[in-house]
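Engineer: final_7.cif is the file, holding mmCIF, C-alpha atoms, pLDDT in the B column; chains and numbers go by the auth columns:
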data_my_file
#
loop_
_atom_site.group_PDB
_atom_site.id
_atom_site.type_symbol
_atom_site.label_atom_id
_atom_site.label_comp_id
_atom_site.label_asym_id
_atom_site.label_seq_id
_atom_site.Cartn_x
_atom_site.Cartn_y
_atom_site.Cartn_z
_atom_site.B_iso_or_equiv
_atom_site.auth_seq_id
_atom_site.auth_asym_id
ATOM 1 C CA MET A 1 38.366 33.026 -106.362 71.00 1 A
ATOM 2 C CA GLY A 2 40.554 30.334 -107.831 80.00 2 A
ATOM 3 C CA GLU A 3 41.025 28.159 -104.731 78.00 3 A
ATOM 4 C CA GLU A 4 40.655 24.413 -105.077 82.00 4 A
ATOM 5 C CA GLU A 5 39.913 23.579 -101.414 83.00 5 A
ATOM 6 C CA LEU A 6 36.766 24.615 -99.542 86.00 6 A
ATOM 7 C CA LEU A 7 37.266 27.080 -96.699 82.00 7 A
ATOM 8 C CA VAL A 8 35.510 24.790 -94.221 87.00 8 A
ATOM 9 C CA ALA A 9 37.982 22.019 -95.044 86.00 9 A
ATOM 10 C CA THR A 10 41.130 24.057 -94.369 86.00 10 A
ATOM 11 C CA ARG A 11 43.043 23.730 -91.084 87.00 11 A
ATOM 12 C CA TRP A 12 43.357 26.539 -88.561 89.00 12 A
ATOM 13 C CA PRO A 13 46.864 27.979 -88.228 88.00 13 A
ATOM 14 C CA SER A 14 48.802 26.630 -85.248 92.00 14 A
ATOM 15 C CA VAL A 15 49.551 28.864 -82.265 91.00 15 A
ATOM 16 C CA ASP A 16 53.144 29.899 -81.632 92.00 16 A
ATOM 17 C CA GLU A 17 53.329 29.737 -77.809 91.00 17 A
ATOM 18 C CA SER A 18 56.674 31.564 -77.726 89.00 18 A
ATOM 19 C CA ALA A 19 55.048 34.653 -79.257 87.00 19 A
ATOM 20 C CA LEU A 20 52.675 34.904 -76.285 87.00 20 A
ATOM 21 C CA VAL A 21 55.420 35.218 -73.660 89.00 21 A
ATOM 22 C CA GLN A 22 56.104 38.765 -72.452 88.00 22 A
ATOM 23 C CA GLU A 23 59.575 39.667 -71.224 93.00 23 A
ATOM 24 C CA THR A 24 58.633 43.127 -69.951 94.00 24 A
ATOM 25 C CA ILE A 25 55.449 44.634 -68.599 94.00 25 A
ATOM 26 C CA GLU A 26 54.304 48.207 -68.141 96.00 26 A
ATOM 27 C CA LEU A 27 52.955 49.033 -64.701 95.00 27 A
ATOM 28 C CA VAL A 28 50.819 52.105 -64.127 97.00 28 A
ATOM 29 C CA VAL A 29 51.816 54.007 -60.991 97.00 29 A
ATOM 30 C CA GLN A 30 49.073 55.919 -59.226 97.00 30 A
ATOM 31 C CA VAL A 31 49.254 58.325 -56.306 96.00 31 A
ATOM 32 C CA ASN A 32 45.950 58.462 -54.422 96.00 32 A
ATOM 33 C CA GLY A 33 44.174 56.865 -57.383 94.00 33 A
ATOM 34 C CA LYS A 34 45.447 59.251 -60.065 96.00 34 A
ATOM 35 C CA VAL A 35 47.897 58.088 -62.725 97.00 35 A
ATOM 36 C CA ARG A 36 51.243 59.784 -62.127 96.00 36 A
ATOM 37 C CA GLY A 37 53.621 57.557 -64.049 95.00 37 A
ATOM 38 C CA ARG A 38 54.376 54.342 -65.888 96.00 38 A
ATOM 39 C CA VAL A 39 57.344 52.018 -65.456 96.00 39 A
ATOM 40 C CA ASP A 40 58.590 49.272 -67.767 96.00 40 A
ATOM 41 C CA LEU A 41 59.843 46.311 -65.759 95.00 41 A
ATOM 42 C CA PRO A 42 60.821 42.681 -66.324 95.00 42 A
ATOM 43 C CA ALA A 43 57.808 40.356 -66.211 92.00 43 A
ATOM 44 C CA ASP A 44 59.302 38.274 -63.386 91.00 44 A
ATOM 45 C CA ILE A 45 59.939 41.212 -61.036 92.00 45 A
ATOM 46 C CA THR A 46 59.150 40.850 -57.337 93.00 46 A
ATOM 47 C CA GLU A 47 56.692 43.082 -55.514 93.00 47 A
ATOM 48 C CA GLU A 48 59.480 44.771 -53.534 94.00 48 A
ATOM 49 C CA GLU A 49 61.441 45.584 -56.706 94.00 49 A
ATOM 50 C CA ALA A 50 58.277 46.975 -58.323 94.00 50 A
ATOM 51 C CA ARG A 51 57.698 49.222 -55.301 93.00 51 A
ATOM 52 C CA ALA A 52 61.272 50.516 -55.481 95.00 52 A
ATOM 53 C CA ALA A 53 60.935 51.225 -59.208 95.00 53 A
ATOM 54 C CA ALA A 54 57.679 53.116 -58.607 94.00 54 A
ATOM 55 C CA LEU A 55 59.257 55.243 -55.886 94.00 55 A
ATOM 56 C CA ASN A 56 62.221 56.041 -58.153 94.00 56 A
ATOM 57 C CA ASN A 57 60.021 57.375 -60.959 94.00 57 A
ATOM 58 C CA GLU A 58 60.744 61.107 -61.066 94.00 58 A
ATOM 59 C CA ASN A 59 57.171 62.164 -61.803 94.00 59 A
ATOM 60 C CA VAL A 60 55.857 60.045 -58.917 95.00 60 A
ATOM 61 C CA THR A 61 58.416 61.487 -56.497 94.00 61 A
ATOM 62 C CA ARG A 62 57.101 64.998 -57.231 94.00 62 A
ATOM 63 C CA PHE A 63 53.714 63.981 -55.848 94.00 63 A
ATOM 64 C CA LEU A 64 55.253 62.271 -52.802 94.00 64 A
ATOM 65 C CA GLU A 65 57.368 65.217 -51.619 93.00 65 A
ATOM 66 C CA GLY A 66 56.465 66.256 -48.099 92.00 66 A
ATOM 67 C CA LYS A 67 53.866 63.511 -47.744 93.00 67 A
ATOM 68 C CA THR A 68 53.809 60.271 -45.771 94.00 68 A
ATOM 69 C CA VAL A 69 53.260 57.015 -47.653 93.00 69 A
ATOM 70 C CA ARG A 70 50.428 55.276 -45.829 96.00 70 A
ATOM 71 C CA LYS A 71 49.820 52.247 -48.028 95.00 71 A
ATOM 72 C CA PHE A 72 50.984 50.454 -51.170 94.00 72 A
ATOM 73 C CA ILE A 73 48.394 48.614 -53.221 95.00 73 A
ATOM 74 C CA VAL A 74 50.006 46.329 -55.790 93.00 74 A
ATOM 75 C CA VAL A 75 47.991 44.551 -58.464 94.00 75 A
ATOM 76 C CA PRO A 76 50.551 42.180 -60.036 90.00 76 A
ATOM 77 C CA GLY A 77 51.118 42.846 -63.713 90.00 77 A
ATOM 78 C CA LYS A 78 48.776 45.850 -63.745 93.00 78 A
ATOM 79 C CA LEU A 79 49.374 48.744 -61.373 95.00 79 A
ATOM 80 C CA ILE A 80 50.772 50.143 -58.167 96.00 80 A
ATOM 81 C CA ASN A 81 48.713 52.613 -56.168 97.00 81 A
ATOM 82 C CA ILE A 82 50.502 54.636 -53.500 96.00 82 A
ATOM 83 C CA VAL A 83 48.221 56.105 -50.846 96.00 83 A
ATOM 84 C CA VAL A 84 49.713 59.190 -49.198 95.00 84 A
ATOM 85 C CA GLY A 85 48.595 61.520 -46.451 89.00 85 A
ATOM 86 C CA GLY A 86 49.468 65.111 -45.625 71.00 86 A
#
In structure tokens, write the structure found in this file.
Structural biologist:
Amino acid sequence: MGEEELLVATRWPSVDESALVQETIELVVQVNGKVRGRVDLPADITEEEARAAALNNENVTRFLEGKTVRKFIVVPGKLINIVVGG
């Protein structure tokens, strides 16, 4: 194909570590195991701030109206599951 160097002799491209760093993450918010919302948050957010952001999501608040929050399950960087009871 016109190349002078063999493919096996070429070097692999170097990895740009700065391209792998995420500044924001998207957390899935579930209510009783069903996806009810998504929130975009800074990657270095604390668990308490993530809980507050989940509770402030307007779609999530619809499913929490009139119910008691029994438990928060937080999987860092992935999801927040809010367990509610009648």
Engineer: Just checking: using only C-alpha atoms, which residue out of A:Asn32, A:Asn59, A:Ser14, A:Gln22 ends up closest to Gly85 in chain A?
Structural biologist: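 Under the stated criterion, the closest residue is A:Asn32.
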Engineer: Go through A:Leu20, A:Leu79, A:Val69, A:Leu6 one by one, measure the shortest atom-to-atom distance of each to Glu47 in chain A using only C-alpha atoms, and give the residue with the smallest value.
Structural biologist: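 For Glu47 in chain A, the nearest of the candidates is A:Leu79.
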Engineer: Kindly give the distance, in Å, that separates CA of Ala53 in chain A and CA of Ile80 in chain A, rounded to a single decimal.
Structural biologist: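 CA of Ile80 in chain A lies 10.3 Å from CA of Ala53 in chain A.
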Engineer: List every protein, DNA or RNA residue with an atom no more than 12 Å from (60.5, 46.4, -57.3) in the file's coordinates, counting all atoms listed in the file, and format the result as a PyMOL selection string.
Structural biologist: chain A and resi 27+39-57+74+76-77+80
Engineer: Grab the CA of Val31 in chain A to CA of Asn81 in chain A distance for me, in Å with one decimal place.
Structural biologist: 5.7 Å
Engineer: Calculated over all atoms listed in the file, which of the candidates A:Glu26, A:Lys34, A:Gly66, A:Asp16 has the smallest distance to Ile82 in chain A?
Structural biologist: A:Lys34
Engineer: Kindly complete range 14-25 of chain A to all heavy atoms; the output should be written as a compact mmCIF listing (two decimals), keeping the file's coordinate frame.
Structural biologist:
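Saved to rebuild30.txt:
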# COMPACT_ATOMS: atom_id res chain seq x y z
N SER A 14 48.39 27.04 -86.59
CA SER A 14 48.80 26.63 -85.25
C SER A 14 49.29 27.85 -84.46
O SER A 14 49.76 28.83 -85.04
CB SER A 14 49.91 25.57 -85.31
OG SER A 14 51.03 26.10 -85.97
N VAL A 15 49.16 27.77 -83.14
CA VAL A 15 49.55 28.86 -82.26
C VAL A 15 51.03 28.75 -81.93
O VAL A 15 51.52 27.67 -81.59
CB VAL A 15 48.72 28.84 -80.96
CG1 VAL A 15 49.20 29.90 -80.00
CG2 VAL A 15 47.25 29.00 -81.28
N ASP A 16 51.73 29.85 -82.03
CA ASP A 16 53.14 29.90 -81.63
C ASP A 16 53.20 30.37 -80.18
O ASP A 16 53.06 31.56 -79.90
CB ASP A 16 53.91 30.86 -82.54
CG ASP A 16 55.38 30.93 -82.21
OD1 ASP A 16 55.86 30.13 -81.38
OD2 ASP A 16 56.06 31.81 -82.78
N GLU A 17 53.35 29.44 -79.24
CA GLU A 17 53.33 29.74 -77.81
C GLU A 17 54.44 30.72 -77.41
O GLU A 17 54.27 31.52 -76.49
CB GLU A 17 53.46 28.45 -76.98
CG GLU A 17 52.31 27.49 -77.16
CD GLU A 17 51.01 27.97 -76.55
OE1 GLU A 17 51.07 28.76 -75.58
OE2 GLU A 17 49.95 27.59 -77.05
N SER A 18 55.56 30.67 -78.09
CA SER A 18 56.67 31.56 -77.73
C SER A 18 56.34 33.03 -78.02
O SER A 18 56.90 33.93 -77.40
CB SER A 18 57.95 31.16 -78.45
OG SER A 18 57.80 31.35 -79.85
N ALA A 19 55.43 33.27 -78.94
CA ALA A 19 55.05 34.65 -79.26
C ALA A 19 54.15 35.25 -78.18
O ALA A 19 53.98 36.47 -78.11
CB ALA A 19 54.34 34.70 -80.61
N LEU A 20 53.58 34.42 -77.32
CA LEU A 20 52.68 34.90 -76.28
C LEU A 20 53.39 35.28 -75.00
O LEU A 20 52.79 35.88 -74.11
CB LEU A 20 51.62 33.83 -75.98
CG LEU A 20 50.74 33.42 -77.16
CD1 LEU A 20 49.83 32.28 -76.75
CD2 LEU A 20 49.92 34.59 -77.66
N VAL A 21 54.67 34.96 -74.88
CA VAL A 21 55.42 35.22 -73.66
C VAL A 21 55.92 36.66 -73.67
O VAL A 21 56.52 37.12 -74.63
CB VAL A 21 56.62 34.25 -73.54
CG1 VAL A 21 57.46 34.57 -72.33
CG2 VAL A 21 56.12 32.82 -73.49
N GLN A 22 55.64 37.39 -72.58
CA GLN A 22 56.10 38.76 -72.45
C GLN A 22 57.34 38.80 -71.57
O GLN A 22 57.35 38.21 -70.49
CB GLN A 22 55.04 39.64 -71.81
CG GLN A 22 53.86 39.91 -72.69
CD GLN A 22 52.89 40.85 -72.00
OE1 GLN A 22 52.74 40.84 -70.80
NE2 GLN A 22 52.24 41.68 -72.80
N GLU A 23 58.36 39.51 -72.02
CA GLU A 23 59.58 39.67 -71.22
C GLU A 23 59.49 40.89 -70.32
O GLU A 23 60.06 40.89 -69.24
CB GLU A 23 60.79 39.76 -72.14
CG GLU A 23 61.06 38.47 -72.88
CD GLU A 23 62.26 38.57 -73.79
OE1 GLU A 23 63.02 39.56 -73.67
OE2 GLU A 23 62.44 37.68 -74.61
N THR A 24 58.79 41.93 -70.77
CA THR A 24 58.63 43.13 -69.95
C THR A 24 57.15 43.48 -69.86
O THR A 24 56.36 43.13 -70.74
CB THR A 24 59.39 44.33 -70.55
OG1 THR A 24 58.85 44.63 -71.83
CG2 THR A 24 60.87 44.07 -70.63
N ILE A 25 56.81 44.16 -68.78
CA ILE A 25 55.45 44.63 -68.60
C ILE A 25 55.50 46.11 -68.24
O ILE A 25 56.49 46.61 -67.74
CB ILE A 25 54.70 43.85 -67.49
CG1 ILE A 25 55.47 43.90 -66.17
CG2 ILE A 25 54.42 42.44 -67.91
CD1 ILE A 25 54.74 43.29 -65.00
